[in-house]
Amino acid sequence: EYNLSANFGIAKNLIARIGGSLTDNQSYLVDNDMKRNNGNLNLNFSPSQKFNAAISSSVAQTNTALPGNPWDGGLGSAMGYALPIYPIYNDDGTFFRGGGNSGNPVMVNKLRDEINKEFRTINSINLNYAPTTKLSFNLNGALDYMDFKNVGLEQAAMRSSGKDYRWENNREVYNWNYTVVANYDFKLANEDHDLKAMLGHELQESLTTGSNTNWDESREDVESTEKLRDEHWRFISFFGRMNYLYKERYIAQATLRTDGSSRFGKNNKFGYFP
């Protein structure tokens with residue numbers, strides 16, 4: 001594994017940090033490894049005491065090679081099905097199949113290729129603004145995107161049809177959210193009393209799409225694609241709080257929150273929580 005990072009100033013009140021890493025992890029199982037390339041960037045901008053902004057972004061590409069069928073054709077097969085009396089090869093040099101595919105994990109590992117490919121980027125922003133000593137605002141937002149693919153090939157020699165079989169399963173996942181909060185300090189003239197208020201709003205949303213495609217050379221229609229049903233949900237919230245403090249000893253607090261979700265029942269999309 002290799003890592004490299006640097007911190008430096010781009011301009012007045014603007015600081016940057018960039019980094020990257022390369023990872024190559026090998027397993028004790030043959031043909032089982034994970035390779036990842038990762039890069040990240042962080043920016044911090046503070047032009048005054050009233051305003052601050054921070055942005056971060058990371059990108060990663062991960063490829064994971066799987067040893068045949070991860071269970072039946074890998075370690076599980078070697079432990080559960082591949083009897084010691086089973087040879088790997090027949091006398092003519094072909095793979096022994098007397099115990100079925102699971103009985104010869106070496107064959108499965110040679111004739112079955114499978115890999116997971118994942119591209120992911122995570123991005124966030126944070127803004128703080130205080131126009132007066134009494135009032136301040138905060139905004140947090142994030143976007144998480146993942147493109148995942150599982151691709152593989154089973155060669156003809158290990159299939160009963162005697163024909164190659166390939167597949168590609170795709171998933172795309174989008175997650176995003178933001179939170180906005182406003183705080184107000186009344187700063188009462190009588191210092192025995194302290195009164196603060198907070199109002200906020202939050203949104204979360206997720207969308208997952210996908211499809212499964214396979215190519216079976218034994219069929220008349222070789223290619224077949226199944227589009228999966230989208231998974232989509234949304235959560236929204238509004239909330240507020242009042243804090244009262246008397247002589248830094250007695251505290252009174254009142255809160256109200258309302259949450260709405262697409263996962264709630266049709267006639268009960270919102271809930272109220274005092």
# chains A, B, ... in the order shown; residues from 1 in each chain; ligands from 1
$ residues_around --residues "region 168-173 of chain A" --least-positions-apart "4" --cutoff "6 Å" --atoms "only C-alpha atoms" --output "list in words"
Tyr145, Met146, Asp147, Phe148, Lys149, Asn150, Val151, Leu207, Thr208, Thr209, Gly210, Ser211, Asn212 and Thr213 of chain A
$ residues_around --residues "region 2-13 of chain A" --least-positions-apart "3" --cutoff "7 Å" --atoms "only C-alpha atoms" --output "list in words"
Ala16, Arg17, Ile18, Gly19, Gly20, Ser21, Leu22, Thr23, Phe45, Ser46 and Pro47 of chain A
$ closest_residue --among "A:Asn104, A:Asn90, A:Ser224, A:Ser57" --to "Asn40 (chain A)" --atoms "only C-alpha atoms"
A:Ser57
$ closest_residue --among "A:Ala197, A:Leu228, A:Val108, A:Leu127" --to "Arg159 (chain A)" --atoms "only C-alpha atoms"
A:Val108
$ closest_atom_pairs --of "region 71-172 of chain A" --to "region 198-201 of chain A" --cutoff "12 Å" --atoms "only C-alpha atoms" --output "CSV"
residue,atom,partner,partner_atom,distance
A:Lys134,CA,A:Met198,CA,11.7
A:Leu135,CA,A:Met198,CA,9.9
A:Ser136,CA,A:Met198,CA,9.7
A:Phe137,CA,A:Gly200,CA,9.6
A:Asn138,CA,A:Gly200,CA,9.3
A:Leu139,CA,A:His201,CA,9.7
A:Asn140,CA,A:His201,CA,10.7
A:Gly141,CA,A:His201,CA,11.8
$ write_last_selection --atoms "C-alpha atoms" --output "PDB file, in the first residue's frame"
ATOM      1  CA  LYS A 134     -26.612  37.020  17.884  1.00  0.00           C
ATOM      2  CA  LEU A 135     -27.414  35.181  14.652  1.00  0.00           C
ATOM      3  CA  SER A 136     -25.608  32.300  12.920  1.00  0.00           C
ATOM      4  CA  PHE A 137     -26.376  29.877  10.102  1.00  0.00           C
ATOM      5  CA  ASN A 138     -24.939  26.446   9.307  1.00  0.00           C
ATOM      6  CA  LEU A 139     -25.374  24.362   6.162  1.00  0.00           C
ATOM      7  CA  ASN A 140     -24.154  20.780   5.727  1.00  0.00           C
ATOM      8  CA  GLY A 141     -24.641  18.819   2.529  1.00  0.00           C
TER       9      GLY A 141
END
$ closest_residue --among "A:Arg249, A:Arg241, A:Lys35, A:Lys266" --to "Val181 (chain A)" --atoms "only C-alpha atoms"
A:Arg241
